[in-house]
Every structure is written in structure tokens, then in C-alpha cells.
Amino acid sequence: MKILFVCHGNICRSPMAEFVMKDLLAKAGRDDVAVESAALHTDEIGSDTHYGTKRELTRHGIPFAPRRAWLLTADRVSEYDLVIGMDGANMRDLRRLAGEGAKFRKLMEFAGSERDVADPWYTGDFEATYADVVDGCTALLAKLP
């Protein structure tokens with residue numbers, strides 16, 4: 001199975017979800033699931049993970065590696081079994097990019113909520129974003145086949 005997390009620029013929320021999910025999968029002994037993250041806009045293409053995300057991951061002992069934000073394209077959507085957005089705008093962007101799809105889900109849906117994962121680029125609250133990401137990813141892990 002291949003999971004792709006997406007957000008606006010691929011430097012805050014989606015890489016946070018990528019690294020949290022990889023850590024949860026490793027701790028669960030699940031090596032059958034691949035996880036990546038991508039951007040839906042070009043603002044930060046080529047940039048590494050935001051320092052606030054790195055700081056929050058470090059604070060919680062979640063390993064991460066240097067990476068470069070990349071832009072999801074319509075032809076790459078088919079490579080993934082599940083494409084997970086962080087907010088309503090991400091979901092609209094996904095539908096504009098690749099049409100409707102059952103494989104498109106919002107992260108907090110897995111935790112039984114329709115809430116968005118707030119973008120810490122605007123809120124500055126990486127801790128709240130981390131809490132949502134952990135809740136969503138933990139619930140997602142429990143629902144994986």
C-alpha cells in the first residue's frame with residue numbers, strides 16, 4: 001500500500017504527517033506500507049521541511065530526514081492507494097487536479113472529525129498541528145488493512 005499526504009506547500013503539515021505515520025508504522029512492525037508527502041501548490045517546491053515542524057518532531061522523538069517539497073501532478077495520483085489532505089482547500093485542490101476519487105480523504109476523517117488540520121504557517125501553533133496529525137495518523141493506522 002502507498003499513502004500520500006498532501007498540503008498546500010509540503011513543508012509543514014504533510015511532511016509532519018509523513019514522518020509521524022512512518023514512525024507509527026515502524027513501531028507497529030508494518031513494513032508493507034510506503035508513505036510520502038507532496039505539495040498542491042508551487043510556493044515551496046524544493047524547500048526542506050519547515051523548522052517549526054522539525055522542532056516539533058524532535059520534541060516528540062519522531063525521526064525525520066532532509067527532503068525537498070515536490071508538486072503532485074495528475075499523472076502521479078494513480079501511484080497511490082490513498083491520498084490524504086489536511087483541510088478543505090486541499091480536498092478541493094485534489095478534486096480540481098484529478099477529479100473525484102474514493103482514494104481522496106481528509107486526515108481528521110479517520111479520527112471521526114470533519115475538522116481541518118490548521119496550517120501552522122499561518123497559526124504558528126505547531127504543537128496543535130502535531131496533536132491533530134498524531135490523532136489522524138493513529139486512527140488511520142488502526143483502519144489499515
# chains A, B, ... in the order shown; residues from 1 in each chain; ligands from 1
>>> closest_atom_pairs(of="range 69-132 of chain A", to="range 19-33 of chain A", cutoff="12 Å", atoms="only C-alpha atoms", output="tab-separated table")
residue	atom	partner	partner_atom	distance
A:Tyr80	CA	A:Val33	CA	10.7
A:Asp81	CA	A:Val33	CA	10.1
A:Leu82	CA	A:Val33	CA	10.8
A:Ile84	CA	A:Met21	CA	11.9
A:Leu107	CA	A:Met21	CA	11.5
A:Thr129	CA	A:Val20	CA	11.7
A:Tyr130	CA	A:Val20	CA	8.8
A:Ala131	CA	A:Val20	CA	10.6
A:Asp132	CA	A:Val20	CA	11.0
>>> select_by_dssp(residues="range 63-132 of chain A", states="helix (DSSP H, G or I)", output="mmCIF file with C-alpha atoms, in the first residue's frame")
data_model
loop_
_atom_site.group_PDB
_atom_site.id
_atom_site.type_symbol
_atom_site.label_atom_id
_atom_site.label_comp_id
_atom_site.auth_asym_id
_atom_site.auth_seq_id
_atom_site.Cartn_x
_atom_site.Cartn_y
_atom_site.Cartn_z
ATOM 1 C CA ALA A 74 -2.483 14.414 -12.026
ATOM 2 C CA ASP A 75 -0.416 11.639 -13.597
ATOM 3 C CA ARG A 76 1.222 10.777 -10.236
ATOM 4 C CA VAL A 77 -2.070 10.381 -8.327
ATOM 5 C CA GLY A 88 -10.968 21.531 2.820
ATOM 6 C CA ALA A 89 -8.847 23.619 0.443
ATOM 7 C CA ASN A 90 -6.512 20.638 -0.085
ATOM 8 C CA MET A 91 -9.508 18.451 -0.902
ATOM 9 C CA ARG A 92 -10.806 20.990 -3.452
ATOM 10 C CA ASP A 93 -7.317 21.192 -4.971
ATOM 11 C CA LEU A 94 -7.162 17.387 -5.249
ATOM 12 C CA ARG A 95 -10.547 17.242 -6.998
ATOM 13 C CA ARG A 96 -9.502 20.005 -9.408
ATOM 14 C CA LEU A 97 -6.266 18.175 -10.123
ATOM 15 C CA ALA A 98 -7.564 14.645 -10.564
ATOM 16 C CA LEU A 107 -6.849 13.303 7.618
ATOM 17 C CA MET A 108 -9.166 14.094 10.510
ATOM 18 C CA GLU A 109 -11.935 11.934 8.966
ATOM 19 C CA PHE A 110 -10.021 8.901 10.219
ATOM 20 C CA ALA A 111 -10.341 10.275 13.766
ATOM 21 C CA PRO A 120 0.931 26.328 11.340
ATOM 22 C CA TRP A 121 2.391 28.511 8.578
ATOM 23 C CA TYR A 122 -0.458 30.877 9.500
ATOM 24 C CA THR A 123 -1.219 29.928 13.119
ATOM 25 C CA PHE A 126 2.975 23.591 15.521
ATOM 26 C CA GLU A 127 2.025 21.839 18.762
ATOM 27 C CA ALA A 128 -1.715 21.899 17.939
ATOM 28 C CA THR A 129 -0.957 20.729 14.400
ATOM 29 C CA TYR A 130 1.167 17.896 15.786
ATOM 30 C CA ALA A 131 -1.664 16.785 18.106
ATOM 31 C CA ASP A 132 -4.112 16.644 15.176
#
>>> atom_distance(atom1="CA of Gly46 in chain A", atom2="CA of Leu141 in chain A")
28.8 Å
>>> closest_residue(among="A:Ile3, A:Asp116, A:His60, A:Pro66", to="Leu144 in chain A", atoms="only C-alpha atoms")
A:Ile3
>>> closest_residue(among="A:Ala17, A:Gly85, A:Thr42, A:Ala34", to="Phe64 in chain A", atoms="only C-alpha atoms")
A:Ala17
>>> residues_around(residues="range 4-9 of chain A", least_positions_apart="6", cutoff="6 Å", atoms="only C-alpha atoms", output="list in words")
Val35, Glu36, Ser37, Ala38, Ala39, Leu40, His41, Asp43, Glu44, Val83, Ile84, Gly85, Met86 and Asn90 of chain A
>>> residues_around(residues="Ile45 in chain A", least_positions_apart="2", cutoff="6 Å", atoms="only C-alpha atoms", output="tab-separated table (two decimals) with N, CA and C atoms, in the first residue's frame")
chain	number	residue	atom	x	y	z
A	42	THR	N	2.93	25.51	-5.84
A	42	THR	CA	4.36	25.62	-6.14
A	42	THR	C	5.16	26.51	-5.20
A	47	SER	N	11.97	23.21	-1.21
A	47	SER	CA	12.32	23.56	0.16
A	47	SER	C	12.31	22.33	1.06
A	69	ALA	N	10.39	19.56	-0.94
A	69	ALA	CA	8.98	19.63	-1.30
A	69	ALA	C	8.83	19.42	-2.81
A	70	TRP	N	7.82	18.65	-3.19
A	70	TRP	CA	7.56	18.42	-4.61
A	70	TRP	C	6.07	18.55	-4.89
>>> select_by_dssp(residues="chain A", states="strand (DSSP E)", output="PDB file with N, CA, C and O atoms, in the first residue's frame")
ATOM      1  N   LYS A   2       0.438   2.265  -0.724  1.00  0.00           N
ATOM      2  CA  LYS A   2       1.159   3.538  -0.783  1.00  0.00           C
ATOM      3  C   LYS A   2       0.220   4.669  -0.375  1.00  0.00           C
ATOM      4  O   LYS A   2      -0.850   4.824  -0.953  1.00  0.00           O
ATOM      5  N   ILE A   3       0.661   5.444   0.608  1.00  0.00           N
ATOM      6  CA  ILE A   3      -0.112   6.576   1.123  1.00  0.00           C
ATOM      7  C   ILE A   3       0.646   7.861   0.809  1.00  0.00           C
ATOM      8  O   ILE A   3       1.861   7.940   1.008  1.00  0.00           O
ATOM      9  N   LEU A   4      -0.089   8.870   0.345  1.00  0.00           N
ATOM     10  CA  LEU A   4       0.491  10.183   0.088  1.00  0.00           C
ATOM     11  C   LEU A   4      -0.268  11.216   0.903  1.00  0.00           C
ATOM     12  O   LEU A   4      -1.498  11.317   0.804  1.00  0.00           O
ATOM     13  N   PHE A   5       0.442  11.970   1.735  1.00  0.00           N
ATOM     14  CA  PHE A   5      -0.131  13.096   2.458  1.00  0.00           C
ATOM     15  C   PHE A   5       0.146  14.357   1.647  1.00  0.00           C
ATOM     16  O   PHE A   5       1.258  14.533   1.145  1.00  0.00           O
ATOM     17  N   VAL A   6      -0.854  15.228   1.532  1.00  0.00           N
ATOM     18  CA  VAL A   6      -0.684  16.473   0.788  1.00  0.00           C
ATOM     19  C   VAL A   6      -1.151  17.661   1.612  1.00  0.00           C
ATOM     20  O   VAL A   6      -2.041  17.541   2.444  1.00  0.00           O
ATOM     21  N   CYS A   7      -0.506  18.785   1.357  1.00  0.00           N
ATOM     22  CA  CYS A   7      -0.954  20.064   1.907  1.00  0.00           C
ATOM     23  C   CYS A   7      -0.561  21.142   0.896  1.00  0.00           C
ATOM     24  O   CYS A   7      -0.067  20.833  -0.184  1.00  0.00           O
ATOM     25  N   ALA A  34       4.073   2.136   2.308  1.00  0.00           N
ATOM     26  CA  ALA A  34       5.002   3.210   1.949  1.00  0.00           C
ATOM     27  C   ALA A  34       4.284   4.543   2.141  1.00  0.00           C
ATOM     28  O   ALA A  34       3.093   4.660   1.842  1.00  0.00           O
ATOM     29  N   VAL A  35       5.014   5.536   2.622  1.00  0.00           N
ATOM     30  CA  VAL A  35       4.421   6.846   2.922  1.00  0.00           C
ATOM     31  C   VAL A  35       5.284   7.948   2.324  1.00  0.00           C
ATOM     32  O   VAL A  35       6.510   7.930   2.468  1.00  0.00           O
ATOM     33  N   GLU A  36       4.636   8.908   1.678  1.00  0.00           N
ATOM     34  CA  GLU A  36       5.306  10.085   1.134  1.00  0.00           C
ATOM     35  C   GLU A  36       4.428  11.302   1.385  1.00  0.00           C
ATOM     36  O   GLU A  36       3.302  11.167   1.855  1.00  0.00           O
ATOM     37  N   SER A  37       4.924  12.478   1.024  1.00  0.00           N
ATOM     38  CA  SER A  37       4.119  13.693   1.087  1.00  0.00           C
ATOM     39  C   SER A  37       4.464  14.590  -0.091  1.00  0.00           C
ATOM     40  O   SER A  37       5.560  14.507  -0.644  1.00  0.00           O
ATOM     41  N   ALA A  38       3.499  15.447  -0.459  1.00  0.00           N
ATOM     42  CA  ALA A  38       3.670  16.312  -1.625  1.00  0.00           C
ATOM     43  C   ALA A  38       2.894  17.613  -1.440  1.00  0.00           C
ATOM     44  O   ALA A  38       2.028  17.728  -0.565  1.00  0.00           O
ATOM     45  N   ALA A  39       3.180  18.567  -2.305  1.00  0.00           N
ATOM     46  CA  ALA A  39       2.517  19.872  -2.323  1.00  0.00           C
ATOM     47  C   ALA A  39       1.416  19.905  -3.371  1.00  0.00           C
ATOM     48  O   ALA A  39       1.464  19.188  -4.367  1.00  0.00           O
ATOM     49  N   LEU A  82      -3.999   5.777  -1.414  1.00  0.00           N
ATOM     50  CA  LEU A  82      -4.709   6.717  -0.566  1.00  0.00           C
ATOM     51  C   LEU A  82      -3.985   8.052  -0.641  1.00  0.00           C
ATOM     52  O   LEU A  82      -2.770   8.108  -0.467  1.00  0.00           O
ATOM     53  N   VAL A  83      -4.732   9.130  -0.903  1.00  0.00           N
ATOM     54  CA  VAL A  83      -4.170  10.481  -0.933  1.00  0.00           C
ATOM     55  C   VAL A  83      -4.932  11.283   0.122  1.00  0.00           C
ATOM     56  O   VAL A  83      -6.153  11.433   0.030  1.00  0.00           O
ATOM     57  N   ILE A  84      -4.192  11.781   1.108  1.00  0.00           N
ATOM     58  CA  ILE A  84      -4.810  12.380   2.293  1.00  0.00           C
ATOM     59  C   ILE A  84      -4.462  13.849   2.399  1.00  0.00           C
ATOM     60  O   ILE A  84      -3.291  14.219   2.528  1.00  0.00           O
ATOM     61  N   GLY A  85      -5.506  14.689   2.357  1.00  0.00           N
ATOM     62  CA  GLY A  85      -5.342  16.129   2.502  1.00  0.00           C
ATOM     63  C   GLY A  85      -5.532  16.565   3.942  1.00  0.00           C
ATOM     64  O   GLY A  85      -6.092  15.837   4.764  1.00  0.00           O
ATOM     65  N   PHE A 104      -9.290   9.794  -2.094  1.00  0.00           N
ATOM     66  CA  PHE A 104      -9.022  11.106  -1.507  1.00  0.00           C
ATOM     67  C   PHE A 104      -9.771  11.215  -0.178  1.00  0.00           C
ATOM     68  O   PHE A 104     -10.990  11.101  -0.141  1.00  0.00           O
ATOM     69  N   ARG A 105      -9.032  11.454   0.896  1.00  0.00           N
ATOM     70  CA  ARG A 105      -9.636  11.577   2.223  1.00  0.00           C
ATOM     71  C   ARG A 105      -8.969  12.721   2.971  1.00  0.00           C
ATOM     72  O   ARG A 105      -7.811  13.030   2.734  1.00  0.00           O
ATOM     73  N   LYS A 106      -9.708  13.310   3.889  1.00  0.00           N
ATOM     74  CA  LYS A 106      -9.156  14.341   4.759  1.00  0.00           C
ATOM     75  C   LYS A 106      -8.667  13.647   6.029  1.00  0.00           C
ATOM     76  O   LYS A 106      -9.347  12.772   6.569  1.00  0.00           O
TER      77      LYS A 106
END
>>> atom_distance(atom1="CA of Thr49 in chain A", atom2="CA of Ala118 in chain A")
16.6 Å
>>> closest_residue(among="A:Thr58, A:Thr53, A:Asn10, A:Ser113", to="Asp125 in chain A", atoms="only C-alpha atoms")
A:Thr53
